[in-house]
>>> print(open('model_32.cif').read())   # mmCIF, C-alpha atoms
data_protein
#
loop_
_atom_site.label_atom_id
_atom_site.label_comp_id
_atom_site.auth_asym_id
_atom_site.auth_seq_id
_atom_site.Cartn_x
_atom_site.Cartn_y
_atom_site.Cartn_z
CA MET K 1 -15.24 12.84 -29.55
CA ILE K 2 -18.42 12.25 -31.53
CA GLU K 3 -21.80 12.47 -29.83
CA LEU K 4 -25.17 11.66 -31.31
CA LYS K 5 -28.04 12.91 -29.15
CA ASN K 6 -31.49 11.49 -29.88
CA ILE K 7 -30.83 11.47 -33.61
CA THR K 8 -33.64 10.65 -35.99
CA LYS K 9 -33.39 10.80 -39.76
CA THR K 10 -36.64 10.46 -41.64
CA TYR K 11 -37.07 9.96 -45.39
CA ARG K 12 -40.29 10.13 -47.30
CA SER K 13 -40.67 7.25 -49.73
CA GLY K 14 -43.87 6.46 -51.63
CA GLY K 15 -45.83 8.84 -49.42
CA VAL K 16 -44.66 7.06 -46.26
CA ASP K 17 -42.20 8.41 -43.69
CA ILE K 18 -39.36 6.00 -42.98
CA ASN K 19 -36.98 6.45 -40.08
CA ALA K 20 -33.60 5.40 -41.44
CA VAL K 21 -32.14 6.25 -38.05
CA ASP K 22 -34.57 6.27 -35.15
CA ASN K 23 -33.76 8.11 -31.93
CA VAL K 24 -30.15 7.00 -31.65
CA SER K 25 -27.87 8.32 -28.92
CA LEU K 26 -24.22 7.39 -28.90
CA THR K 27 -20.87 8.64 -27.71
CA ILE K 28 -17.60 7.73 -29.43
CA SER K 29 -14.46 8.66 -27.56
CA ASP K 30 -11.26 9.84 -29.19
CA GLY K 31 -9.08 7.02 -30.47
CA GLU K 32 -11.80 4.36 -30.63
CA PHE K 33 -12.03 1.82 -33.46
CA ILE K 34 -15.69 1.07 -33.98
CA ALA K 35 -17.38 -1.26 -36.42
CA VAL K 36 -21.02 -0.71 -37.33
CA VAL K 37 -22.76 -3.85 -38.52
CA GLY K 38 -26.32 -4.74 -39.41
CA HIS K 39 -28.55 -5.92 -42.22
CA SER K 40 -28.89 -3.99 -45.47
CA GLY K 41 -31.18 -1.02 -44.91
CA SER K 42 -30.66 -1.05 -41.15
CA GLY K 43 -29.37 2.54 -41.24
CA LYS K 44 -25.61 1.98 -40.88
CA THR K 45 -24.53 4.27 -43.70
CA THR K 46 -27.06 6.93 -42.77
CA MET K 47 -25.79 6.97 -39.19
CA VAL K 48 -22.16 7.36 -40.28
CA SER K 49 -23.18 10.10 -42.72
CA LEU K 50 -24.92 11.89 -39.87
CA MET K 51 -21.70 11.69 -37.84
CA GLY K 52 -19.79 13.31 -40.70
CA GLY K 53 -22.28 16.08 -41.38
CA LEU K 54 -23.10 14.73 -44.83
CA THR K 55 -26.81 14.79 -44.05
CA ARG K 56 -28.87 16.82 -41.63
CA PRO K 57 -30.78 14.93 -38.92
CA THR K 58 -34.53 15.39 -38.84
CA THR K 59 -34.30 15.76 -35.06
CA GLY K 60 -31.47 15.57 -32.54
CA ASN K 61 -27.94 16.91 -32.38
CA VAL K 62 -24.57 15.79 -33.71
CA LEU K 63 -21.54 17.01 -31.79
CA VAL K 64 -17.99 16.65 -33.08
CA GLY K 65 -15.32 17.76 -30.64
CA GLY K 66 -18.07 19.30 -28.51
CA VAL K 67 -19.40 21.45 -31.37
CA ASP K 68 -22.96 21.02 -32.62
CA ILE K 69 -22.09 20.73 -36.30
CA TRP K 70 -25.52 21.86 -37.53
CA SER K 71 -25.16 25.11 -35.64
CA LEU K 72 -22.26 25.94 -37.97
CA ASP K 73 -22.73 27.83 -41.22
CA ASN K 74 -21.96 26.12 -44.51
CA LYS K 75 -18.41 27.42 -44.68
CA GLN K 76 -17.57 26.31 -41.14
CA LEU K 77 -19.18 22.91 -41.70
CA ALA K 78 -17.17 22.45 -44.91
CA LEU K 79 -13.98 23.34 -43.03
CA LEU K 80 -14.86 20.87 -40.27
CA ARG K 81 -15.38 18.11 -42.86
CA SER K 82 -12.06 18.81 -44.53
CA GLU K 83 -9.93 19.30 -41.41
CA LYS K 84 -11.38 16.98 -38.79
CA ILE K 85 -12.94 14.12 -40.74
CA GLY K 86 -11.64 11.83 -43.46
CA PHE K 87 -14.15 9.81 -45.50
CA CYS K 88 -13.68 6.46 -47.22
CA PHE K 89 -16.62 5.32 -49.31
CA GLN K 90 -17.97 1.99 -50.43
CA PHE K 91 -17.13 2.30 -54.10
CA SER K 92 -14.33 4.09 -55.84
CA SER K 93 -14.62 7.69 -54.85
CA LEU K 94 -11.63 9.06 -56.72
CA ILE K 95 -12.11 11.88 -59.20
CA PRO K 96 -11.47 10.16 -62.54
CA THR K 97 -9.95 13.19 -64.27
CA LEU K 98 -7.26 13.69 -61.62
CA THR K 99 -4.09 11.67 -61.08
CA CYS K 100 -3.76 9.74 -57.83
CA LEU K 101 -1.40 12.40 -56.48
CA ASP K 102 -3.86 15.19 -57.25
CA ASN K 103 -6.72 13.14 -55.80
CA VAL K 104 -4.80 12.77 -52.56
CA ARG K 105 -3.98 16.49 -52.45
CA LEU K 106 -7.52 17.64 -53.24
CA PRO K 107 -8.97 17.82 -49.68
CA ALA K 108 -5.98 19.90 -48.58
CA SER K 109 -6.95 22.60 -51.06
CA PHE K 110 -10.29 22.98 -49.24
CA ALA K 111 -8.51 23.30 -45.90
CA GLY K 112 -6.16 26.08 -46.90
CA GLY K 113 -3.59 23.96 -48.72
CA GLN K 114 -0.91 23.88 -46.00
CA LYS K 115 -0.94 20.09 -45.79
CA GLY K 116 -1.27 19.47 -49.50
CA GLY K 117 2.41 19.45 -50.34
CA VAL K 118 3.62 16.95 -52.94
CA ASP K 119 6.05 15.35 -50.48
CA HIS K 120 3.32 14.81 -47.89
CA ALA K 121 0.98 13.31 -50.49
CA LEU K 122 3.73 11.03 -51.82
CA SER K 123 4.58 9.86 -48.30
CA LEU K 124 0.90 8.97 -47.76
CA LEU K 125 0.81 7.01 -51.01
CA GLU K 126 3.86 5.17 -49.75
CA THR K 127 2.17 4.53 -46.39
CA VAL K 128 -0.83 2.93 -48.08
CA GLY K 129 1.40 0.87 -50.35
CA VAL K 130 1.03 2.49 -53.77
CA PRO K 131 4.07 4.79 -54.04
CA ASP K 132 4.45 4.09 -57.75
CA LYS K 133 0.90 5.15 -58.68
CA ALA K 134 1.25 8.88 -58.08
CA LYS K 135 0.96 9.79 -61.75
CA ALA K 136 -1.57 7.12 -62.64
CA TYR K 137 -5.25 7.87 -63.18
CA PRO K 138 -7.89 5.98 -61.15
CA SER K 139 -8.99 3.98 -64.20
CA GLU K 140 -5.48 2.50 -64.37
CA LEU K 141 -5.70 1.05 -60.85
CA SER K 142 -7.26 -2.10 -59.45
CA GLY K 143 -10.13 -1.85 -56.95
CA GLY K 144 -7.80 -2.44 -54.01
CA GLN K 145 -5.34 0.19 -55.21
CA GLN K 146 -8.16 2.69 -55.62
CA ARG K 147 -9.23 2.07 -52.02
CA ARG K 148 -5.66 2.63 -50.84
CA VAL K 149 -5.46 5.94 -52.69
CA ALA K 150 -8.85 6.92 -51.19
CA ILE K 151 -7.49 6.13 -47.71
CA ALA K 152 -4.39 8.25 -48.42
CA ARG K 153 -6.71 11.05 -49.49
CA ALA K 154 -8.71 10.72 -46.28
CA LEU K 155 -5.48 11.15 -44.31
CA ILE K 156 -4.05 14.17 -46.13
CA ASN K 157 -5.38 16.74 -43.65
CA GLU K 158 -4.38 14.53 -40.71
CA PRO K 159 -7.95 14.30 -39.39
CA GLY K 160 -8.74 12.91 -35.96
CA ILE K 161 -11.66 10.88 -37.31
CA ILE K 162 -11.97 8.46 -40.23
CA LEU K 163 -15.48 7.45 -41.30
CA ALA K 164 -15.35 4.44 -43.61
CA ASP K 165 -18.46 3.10 -45.33
CA GLU K 166 -17.77 -0.50 -46.32
CA PRO K 167 -14.19 0.30 -47.37
CA THR K 168 -13.58 -3.30 -48.44
CA GLY K 169 -16.98 -3.71 -50.10
CA ASP K 170 -16.16 -5.61 -53.28
CA LEU K 171 -12.56 -6.64 -52.64
CA ASP K 172 -11.11 -10.14 -52.43
CA GLU K 173 -10.21 -11.49 -49.00
CA TYR K 174 -6.46 -10.85 -49.36
CA THR K 175 -6.91 -7.22 -50.34
CA GLU K 176 -9.57 -6.91 -47.65
CA ALA K 177 -7.04 -8.07 -45.07
CA ASP K 178 -4.45 -5.58 -46.36
CA ILE K 179 -6.92 -2.70 -46.11
CA MET K 180 -7.88 -3.77 -42.59
CA ASN K 181 -4.20 -3.85 -41.60
CA LEU K 182 -3.94 -0.33 -42.94
CA PHE K 183 -6.87 0.82 -40.80
CA GLU K 184 -5.29 -0.78 -37.75
CA GLN K 185 -2.04 1.09 -38.45
CA ILE K 186 -3.96 4.36 -38.76
CA HIS K 187 -5.84 3.61 -35.54
CA ALA K 188 -2.53 2.91 -33.78
CA ARG K 189 -1.61 6.55 -34.47
CA GLY K 190 -4.56 7.67 -32.34
CA VAL K 191 -7.10 8.27 -35.10
CA THR K 192 -10.74 7.48 -34.29
CA ILE K 193 -12.17 5.06 -36.84
CA VAL K 194 -15.83 4.29 -37.45
CA MET K 195 -16.24 1.59 -40.07
CA VAL K 196 -19.45 0.28 -41.57
CA THR K 197 -19.21 -3.35 -42.64
CA HIS K 198 -21.34 -6.34 -43.44
CA SER K 199 -18.60 -8.68 -42.37
CA ARG K 200 -18.62 -10.00 -38.83
CA ASN K 201 -14.99 -11.10 -39.31
CA LEU K 202 -13.89 -7.56 -40.05
CA ALA K 203 -16.03 -6.21 -37.24
CA ALA K 204 -14.24 -8.57 -34.86
CA ARG K 205 -11.02 -6.65 -35.51
CA ALA K 206 -12.54 -3.41 -34.18
CA LEU K 207 -12.46 -2.51 -30.50
CA ARG K 208 -16.21 -1.99 -30.29
CA THR K 209 -19.08 -3.19 -32.47
CA LEU K 210 -22.41 -1.42 -32.90
CA VAL K 211 -25.25 -3.50 -34.30
CA MET K 212 -27.93 -1.49 -36.08
CA GLU K 213 -31.46 -2.88 -36.25
CA ASN K 214 -34.12 -1.09 -38.28
CA GLY K 215 -32.56 2.29 -37.66
CA THR K 216 -32.12 1.76 -33.94
CA LEU K 217 -29.13 0.95 -31.80
CA PRO K 218 -30.39 -1.22 -28.98
CA GLU K 219 -28.35 -1.00 -25.78
CA PHE K 220 -27.57 -4.70 -25.91
CA ALA K 221 -26.20 -4.27 -29.42
CA LYS K 222 -23.33 -2.04 -28.32
CA THR K 223 -20.74 -4.70 -27.72
CA SER K 224 -17.06 -4.60 -27.03
CA SER K 225 -14.69 -6.98 -28.76
CA MET V 1 -16.91 64.69 -100.13
CA VAL V 2 -19.11 64.64 -103.22
CA GLY V 3 -21.75 62.18 -102.13
CA ILE V 4 -22.91 59.81 -99.38
CA LEU V 5 -24.35 56.36 -100.06
CA ASP V 6 -27.86 55.65 -98.86
CA PRO V 7 -27.86 53.15 -95.98
CA THR V 8 -28.93 49.73 -97.18
CA GLY V 9 -30.50 48.71 -93.92
CA ILE V 10 -27.91 46.09 -92.99
CA GLY V 11 -26.44 48.47 -90.46
CA ILE V 12 -22.76 48.30 -91.28
CA ASP V 13 -22.51 50.59 -94.30
CA ASP V 14 -21.66 54.25 -93.94
CA GLY V 15 -19.73 54.85 -97.16
CA GLY V 16 -19.24 58.07 -99.06
CA PHE V 17 -17.76 59.24 -102.33
CA VAL V 18 -14.78 61.54 -102.73
CA THR V 19 -13.01 62.48 -105.92
CA LEU V 20 -9.72 60.79 -106.80
CA THR V 21 -7.98 64.16 -106.61
CA SER V 22 -9.22 64.54 -103.05
CA VAL V 23 -7.80 61.12 -102.17
CA TYR V 24 -4.36 62.07 -103.52
CA ASP V 25 -4.55 65.34 -101.58
CA MET V 26 -5.38 63.42 -98.41
CA VAL V 27 -2.41 61.10 -98.99
CA LYS V 28 -0.09 64.07 -99.42
CA THR V 29 -1.39 65.62 -96.22
CA THR V 30 -0.80 62.47 -94.21
CA GLU V 31 2.68 61.99 -95.70
CA SER V 32 3.70 65.37 -94.27
CA ASN V 33 2.45 64.30 -90.84
CA GLU V 34 5.14 61.99 -89.43
CA THR V 35 3.21 60.99 -86.33
CA LYS V 36 0.11 59.72 -88.09
CA ARG V 37 0.04 58.07 -91.50
CA LEU V 38 -3.61 57.46 -92.33
CA LEU V 39 -3.43 56.34 -95.92
CA ASP V 40 -0.97 54.38 -97.95
CA VAL V 41 -2.07 55.11 -101.50
CA LYS V 42 0.50 55.78 -104.17
CA PRO V 43 -0.39 58.05 -107.12
CA GLY V 44 -2.14 55.95 -109.72
CA ASP V 45 -3.37 53.34 -107.22
CA ILE V 46 -7.00 52.36 -107.73
CA SER V 47 -8.66 49.39 -106.06
CA ALA V 48 -12.12 49.62 -107.61
CA LEU V 49 -13.79 51.69 -110.27
CA MET V 50 -17.52 52.02 -110.76
CA VAL V 51 -18.62 52.37 -114.36
CA ASN V 52 -22.03 53.91 -114.99
CA VAL V 53 -23.27 52.42 -118.27
CA LYS V 54 -25.64 54.49 -120.37
CA PRO V 55 -29.05 52.87 -120.98
CA GLU V 56 -28.38 52.31 -124.70
CA TYR V 57 -25.40 50.02 -123.97
CA ALA V 58 -25.62 46.46 -122.68
CA ARG V 59 -23.79 45.99 -119.35
CA GLY V 60 -22.52 42.54 -120.35
CA ASP V 61 -20.96 43.88 -123.55
CA VAL V 62 -19.24 46.71 -121.69
CA ALA V 63 -17.93 44.25 -119.08
CA THR V 64 -16.55 41.91 -121.74
CA ALA V 65 -14.93 44.84 -123.56
CA ILE V 66 -13.24 46.02 -120.35
CA GLU V 67 -12.01 42.53 -119.44
CA THR V 68 -10.54 41.92 -122.89
CA GLN V 69 -9.00 45.35 -123.34
CA VAL V 70 -7.71 46.08 -119.83
CA SER V 71 -5.33 43.54 -118.30
CA GLY V 72 -5.22 42.75 -114.58
CA VAL V 73 -8.80 43.70 -113.76
CA ALA V 74 -11.80 41.64 -112.64
CA VAL V 75 -15.22 42.87 -113.70
CA VAL V 76 -18.32 42.46 -111.56
CA THR V 77 -21.55 43.34 -113.27
CA SER V 78 -24.40 44.58 -111.14
CA LYS V 79 -27.82 43.30 -112.11
CA GLU V 80 -29.44 46.17 -110.34
CA LEU V 81 -28.02 48.65 -107.90
CA MET V 82 -29.63 48.46 -104.52
CA SER V 83 -32.51 50.87 -104.76
CA SER V 84 -33.82 52.93 -101.91
CA SER V 85 -37.00 50.81 -101.86
CA VAL V 86 -34.90 47.70 -101.21
CA ALA V 87 -33.14 49.56 -98.45
CA ARG V 88 -36.48 50.50 -96.93
CA GLN V 89 -37.62 46.87 -97.12
CA LEU V 90 -34.47 45.73 -95.33
CA GLU V 91 -35.01 48.40 -92.71
CA GLY V 92 -38.57 47.14 -92.21
CA LEU V 93 -37.39 43.55 -91.90
CA ARG V 94 -34.89 44.34 -89.19
CA PRO V 95 -37.33 44.17 -86.20
CA TYR V 96 -38.62 40.80 -87.42
CA MET V 97 -35.08 39.50 -87.87
CA LEU V 98 -34.23 40.71 -84.36
CA PHE V 99 -37.38 39.03 -83.01
CA ILE V 100 -36.53 35.72 -84.72
CA GLY V 101 -32.92 36.01 -83.52
CA GLY V 102 -34.16 36.68 -79.98
CA GLY V 103 -36.38 33.61 -80.21
CA PHE V 104 -33.47 31.43 -81.26
CA TRP V 105 -31.38 32.90 -78.45
CA ALA V 106 -34.09 32.11 -75.88
CA ILE V 107 -34.28 28.55 -77.20
CA SER V 108 -30.49 28.24 -76.96
CA VAL V 109 -30.62 29.43 -73.31
CA LEU V 110 -33.24 26.77 -72.53
CA MET V 111 -31.33 24.05 -74.37
CA ASN V 112 -28.07 24.97 -72.68
CA GLY V 113 -29.89 25.03 -69.34
CA ALA V 114 -31.20 21.52 -69.97
CA LEU V 115 -27.70 20.42 -70.98
CA PHE V 116 -26.07 21.84 -67.84
CA SER V 117 -28.82 20.26 -65.71
CA MET V 118 -27.97 16.89 -67.26
CA VAL V 119 -24.26 17.46 -66.61
CA VAL V 120 -24.95 18.32 -62.97
CA ASN V 121 -27.19 15.28 -62.60
CA GLU V 122 -24.56 13.06 -64.20
CA ARG V 123 -21.95 14.35 -61.76
CA ARG V 124 -24.02 14.29 -58.58
CA ARG V 125 -21.75 11.74 -56.94
CA GLU V 126 -18.61 13.71 -57.78
CA LEU V 127 -20.17 16.93 -56.47
CA GLY V 128 -21.24 15.13 -53.28
CA LEU V 129 -17.74 13.75 -52.83
CA LEU V 130 -16.24 17.21 -53.23
CA GLN V 131 -18.54 18.49 -50.48
CA ALA V 132 -17.58 15.54 -48.28
CA MET V 133 -13.94 16.52 -48.77
CA GLY V 134 -14.63 20.07 -47.68
CA ALA V 135 -15.86 21.98 -50.74
CA THR V 136 -18.27 24.76 -49.81
CA ARG V 137 -21.54 25.42 -51.62
CA ALA V 138 -20.00 28.54 -53.11
CA TYR V 139 -17.15 26.42 -54.52
CA ILE V 140 -19.61 24.01 -56.16
CA PHE V 141 -21.58 26.95 -57.59
CA ARG V 142 -18.40 28.51 -59.00
CA LEU V 143 -17.26 25.16 -60.39
CA VAL V 144 -20.44 24.70 -62.45
CA MET V 145 -20.50 28.34 -63.58
CA LEU V 146 -16.83 28.30 -64.57
CA GLU V 147 -17.38 25.19 -66.62
CA ALA V 148 -20.36 26.84 -68.31
CA VAL V 149 -18.29 29.93 -69.14
CA GLN V 150 -15.47 27.83 -70.55
CA LEU V 151 -17.80 25.67 -72.65
CA THR V 152 -19.80 28.56 -74.07
CA ALA V 153 -16.68 30.64 -74.73
CA ILE V 154 -15.15 27.75 -76.68
CA GLY V 155 -18.48 27.18 -78.44
CA GLY V 156 -18.79 30.87 -79.27
CA LEU V 157 -15.24 31.00 -80.66
CA CYS V 158 -15.82 27.86 -82.74
CA GLY V 159 -19.06 29.37 -84.08
CA MET V 160 -17.35 32.60 -85.06
CA VAL V 161 -14.47 30.81 -86.78
CA LEU V 162 -16.92 28.55 -88.60
CA GLY V 163 -19.10 31.50 -89.60
CA ALA V 164 -16.10 33.47 -90.85
CA ALA V 165 -14.91 30.44 -92.83
CA VAL V 166 -18.34 30.08 -94.47
CA ILE V 167 -18.48 33.78 -95.35
CA PHE V 168 -14.95 33.67 -96.81
CA GLY V 169 -15.73 30.46 -98.65
CA LEU V 170 -18.96 31.77 -100.12
CA LYS V 171 -17.61 35.23 -100.97
CA GLY V 172 -17.35 34.44 -104.67
CA THR V 173 -20.79 32.84 -104.78
CA ILE V 174 -22.40 35.80 -103.03
CA GLU V 175 -20.69 38.25 -105.40
CA ALA V 176 -21.77 36.27 -108.43
CA SER V 177 -25.36 35.69 -107.29
CA LEU V 178 -26.05 39.24 -106.11
CA GLY V 179 -23.93 40.82 -108.79
CA ILE V 180 -22.43 43.35 -106.42
CA ALA V 181 -18.98 43.85 -104.98
CA TYR V 182 -18.52 42.19 -101.59
CA LEU V 183 -17.79 44.85 -98.99
CA TRP V 184 -16.23 44.13 -95.60
CA PRO V 185 -16.91 46.29 -92.59
CA SER V 186 -13.90 47.97 -90.98
CA SER V 187 -11.52 45.83 -88.92
CA GLY V 188 -12.44 47.85 -85.82
CA PHE V 189 -16.11 47.05 -86.36
CA ILE V 190 -15.30 43.35 -86.89
CA ALA V 191 -13.23 43.28 -83.68
CA ILE V 192 -15.96 44.95 -81.58
CA PHE V 193 -18.66 42.79 -83.20
CA SER V 194 -16.65 39.61 -82.47
CA LEU V 195 -16.08 40.60 -78.85
CA GLY V 196 -19.78 41.37 -78.55
CA LEU V 197 -20.67 37.95 -79.94
CA LEU V 198 -18.23 36.26 -77.55
CA ALA V 199 -19.67 38.18 -74.61
CA MET V 200 -23.16 37.19 -75.71
CA ALA V 201 -22.16 33.51 -75.95
CA ILE V 202 -20.64 33.63 -72.46
CA GLY V 203 -23.67 35.52 -71.14
CA THR V 204 -25.89 32.82 -72.60
CA GLY V 205 -23.86 30.17 -70.78
CA ILE V 206 -24.00 32.05 -67.48
CA LEU V 207 -27.77 32.51 -67.75
CA ALA V 208 -28.32 28.89 -68.76
CA ALA V 209 -26.11 27.45 -66.01
CA LEU V 210 -27.47 29.63 -63.22
CA TYR V 211 -30.29 27.34 -62.13
CA PRO V 212 -28.32 24.05 -62.47
CA ALA V 213 -25.45 25.66 -60.51
CA ILE V 214 -27.81 26.67 -57.69
CA VAL V 215 -29.27 23.14 -57.64
CA ALA V 216 -25.74 21.64 -57.58
CA SER V 217 -24.65 23.87 -54.72
CA ARG V 218 -27.69 22.87 -52.64
CA LEU V 219 -27.24 19.12 -53.04
CA GLU V 220 -27.00 17.28 -49.75
CA PRO V 221 -23.66 15.39 -49.93
CA TYR V 222 -25.07 12.11 -48.63
CA GLN V 223 -27.98 12.07 -51.07
CA ALA V 224 -25.74 13.17 -53.94
CA ILE V 225 -23.26 10.37 -53.27
CA ARG V 226 -25.95 7.71 -52.82
CA THR V 227 -28.11 8.66 -55.79
CA GLY V 228 -25.09 9.14 -58.01
CA GLU V 229 -23.77 5.60 -57.41
#
>>> encode(input="model_32.cif", output="structure tokens")
Amino acid sequence: MIELKNITKTYRSGGVDINAVDNVSLTISDGEFIAVVGHSGSGKTTMVSLMGGLTRPTTGNVLVGGVDIWSLDNKQLALLRSEKIGFCFQFSSLIPTLTCLDNVRLPASFAGGQKGGVDHALSLLETVGVPDKAKAYPSELSGGQQRRVAIARALINEPGIILADEPTGDLDEYTEADIMNLFEQIHARGVTIVMVTHSRNLAARALRTLVMENGTLPEFAKTSS
Amino acid sequence: MVGILDPTGIGIDDGGFVTLTSVYDMVKTTESNETKRLLDVKPGDISALMVNVKPEYARGDVATAIETQVSGVAVVTSKELMSSSVARQLEGLRPYMLFIGGGFWAISVLMNGALFSMVVNERRRELGLLQAMGATRAYIFRLVMLEAVQLTAIGGLCGMVLGAAVIFGLKGTIEASLGIAYLWPSSGFIAIFSLGLLAMAIGTGILAALYPAIVASRLEPYQAIRTGE
């Protein structure tokens, strides 16, 4: 379960304080598939980053599995990120100097390495549909293939939560549909998915849609599909 | 021991003179000691011979006469033996040379620091992603420092190899221009000096990368990923 309690994230830009996320409270139960939609600059990505402990809220608390993540020390927070949360980012987030197999195995090394076996990584590459790309480098893959490898990487530690920031950002509609199918398969295994998207069509495939407006999450904007 | 050479001020010379008879005696002594053979000089072996020319003779003429009359020898004529005043001058120059060297070293630390800062800035997104995947701040710090150590160690080794190649390549030119025999320090000294240089190169890298590594380890993952896009 993810809980945001009165979260505000303020940035200072040009001498002016801007609330990217403004007093948002939200509870996401285990196993939900949530889409976060809204205009550019509405605070979608910031809110998902707050959920994953990638940025510290100016005020408020973020609880993951009942634990206030900002009460943890750096080592514990890093372990929480690697074990409990998988991230998929908007653009290619693969390390260019590593092969796809090594990219997939990388998060496991931060979590003690038990789940980073070659067989496990290869099975994940097969799950996401790129079993033949294990030895390829990211630059040798198409955009869609890179996203698939990034999803496999997010799954290596078998996290209970996947946070995806526009995972189909610049992909064609066919590849977009494939990636969405993949997320639905992952969700079917009981994984909680929070996905930021601009696309109302993609959001319609989630179980719940959150509409961000100027950093806020109005009650009426929390809709169920 | 019949004489000790004055130090020239370059810091690596501590030579002395012994008679040839003494050398042969030393060889004999070491030959009888089976556990430690210090010298491998056979009777009659001579590697270099210094000829003191009387003032009434021209050094060039004597050199030519030796070269034409004695086969298998190379003659190096000294324009002027290093006098004690030259040695004193070199000794006096040493602090200034150390000061200039220190200045260059400080500049190299600053330049390397700027370079590592650029590298960290260039890789902000990658460092943010690593943190998102579970890398701790300590891991990021170690990553940057390790890279600095590797780069400066390779740079130091390349510099030493290049420097040695230049010295070997210019050996003949130096001999000819200074008119003195080219003396190498002992292999032990060269080994210790090389290790010292390598340690200094690595130390320079560590010092230079310290601040960029601290900055890298304190990056907020979200900001690093966003600003690095």
>>> interface_residues(input="model_32.cif", of="chain V", to="chain K", cutoff="6 Å", atoms="all atoms listed in the file", output="list of chain:residue names")
V:Met133, V:Gly134, V:Ala135, V:Thr136, V:Pro221, V:Tyr222
>>> atom_distance(input="model_32.cif", atom1="CA of Leu101 in chain K", atom2="CA of Val149 in chain K")
8.5 Å
>>> closest_residue(input="model_32.cif", among="K:Asp102, K:Glu213, K:Asp170, K:Glu184", to="Gly144 in chain K", atoms="all atoms listed in the file")
K:Asp170
>>> atom_distance(input="model_32.cif", atom1="CA of Ser123 in chain K", atom2="CA of Val191 in chain K")
17.7 Å
>>> closest_residue(input="model_32.cif", among="K:Val104, K:Ile28, K:Ala204, K:Leu163", to="Glu126 in chain K", atoms="all atoms listed in the file")
K:Val104
>>> decode(input="model_32.cif", residues="range 7-46 of chain K", atoms="C-alpha atoms", output="PDB file, in the first residue's frame")
ATOM      1  CA  ILE K   7       2.130  16.024   0.429  1.00  0.00           C
ATOM      2  CA  THR K   8       3.460  19.289  -0.913  1.00  0.00           C
ATOM      3  CA  LYS K   9       6.533  19.635  -3.087  1.00  0.00           C
ATOM      4  CA  THR K  10       7.762  23.159  -3.646  1.00  0.00           C
ATOM      5  CA  TYR K  11      10.404  24.279  -6.138  1.00  0.00           C
ATOM      6  CA  ARG K  12      11.973  27.680  -6.336  1.00  0.00           C
ATOM      7  CA  SER K  13      12.119  28.995  -9.885  1.00  0.00           C
ATOM      8  CA  GLY K  14      13.085  32.554 -10.825  1.00  0.00           C
ATOM      9  CA  GLY K  15      12.761  33.644  -7.199  1.00  0.00           C
ATOM     10  CA  VAL K  16       9.199  32.317  -6.989  1.00  0.00           C
ATOM     11  CA  ASP K  17       8.037  29.264  -5.050  1.00  0.00           C
ATOM     12  CA  ILE K  18       6.041  26.852  -7.185  1.00  0.00           C
ATOM     13  CA  ASN K  19       4.056  23.981  -5.718  1.00  0.00           C
ATOM     14  CA  ALA K  20       4.544  21.129  -8.169  1.00  0.00           C
ATOM     15  CA  VAL K  21       2.413  18.995  -5.873  1.00  0.00           C
ATOM     16  CA  ASP K  22       0.096  20.870  -3.542  1.00  0.00           C
ATOM     17  CA  ASN K  23      -1.304  19.212  -0.432  1.00  0.00           C
ATOM     18  CA  VAL K  24      -2.159  15.877  -2.016  1.00  0.00           C
ATOM     19  CA  SER K  25      -3.466  12.975   0.041  1.00  0.00           C
ATOM     20  CA  LEU K  26      -3.989   9.612  -1.565  1.00  0.00           C
ATOM     21  CA  THR K  27      -4.116   5.933  -0.739  1.00  0.00           C
ATOM     22  CA  ILE K  28      -3.267   3.224  -3.266  1.00  0.00           C
ATOM     23  CA  SER K  29      -4.125  -0.298  -2.229  1.00  0.00           C
ATOM     24  CA  ASP K  30      -2.062  -3.349  -3.079  1.00  0.00           C
ATOM     25  CA  GLY K  31      -2.745  -4.723  -6.542  1.00  0.00           C
ATOM     26  CA  GLU K  32      -4.297  -1.568  -8.005  1.00  0.00           C
ATOM     27  CA  PHE K  33      -3.619  -0.406 -11.561  1.00  0.00           C
ATOM     28  CA  ILE K  34      -3.724   3.367 -11.540  1.00  0.00           C
ATOM     29  CA  ALA K  35      -3.256   5.838 -14.352  1.00  0.00           C
ATOM     30  CA  VAL K  36      -2.254   9.412 -13.554  1.00  0.00           C
ATOM     31  CA  VAL K  37      -3.265  11.886 -16.237  1.00  0.00           C
ATOM     32  CA  GLY K  38      -3.161  15.643 -16.560  1.00  0.00           C
ATOM     33  CA  HIS K  39      -1.705  18.488 -18.569  1.00  0.00           C
ATOM     34  CA  SER K  40       2.043  18.988 -18.924  1.00  0.00           C
ATOM     35  CA  GLY K  41       3.388  20.553 -15.749  1.00  0.00           C
ATOM     36  CA  SER K  42       0.408  19.438 -13.676  1.00  0.00           C
ATOM     37  CA  GLY K  43       2.700  17.535 -11.295  1.00  0.00           C
ATOM     38  CA  LYS K  44       2.128  13.935 -12.451  1.00  0.00           C
ATOM     39  CA  THR K  45       5.777  12.928 -12.633  1.00  0.00           C
ATOM     40  CA  THR K  46       6.634  14.729  -9.404  1.00  0.00           C
TER      41      THR K  46
END
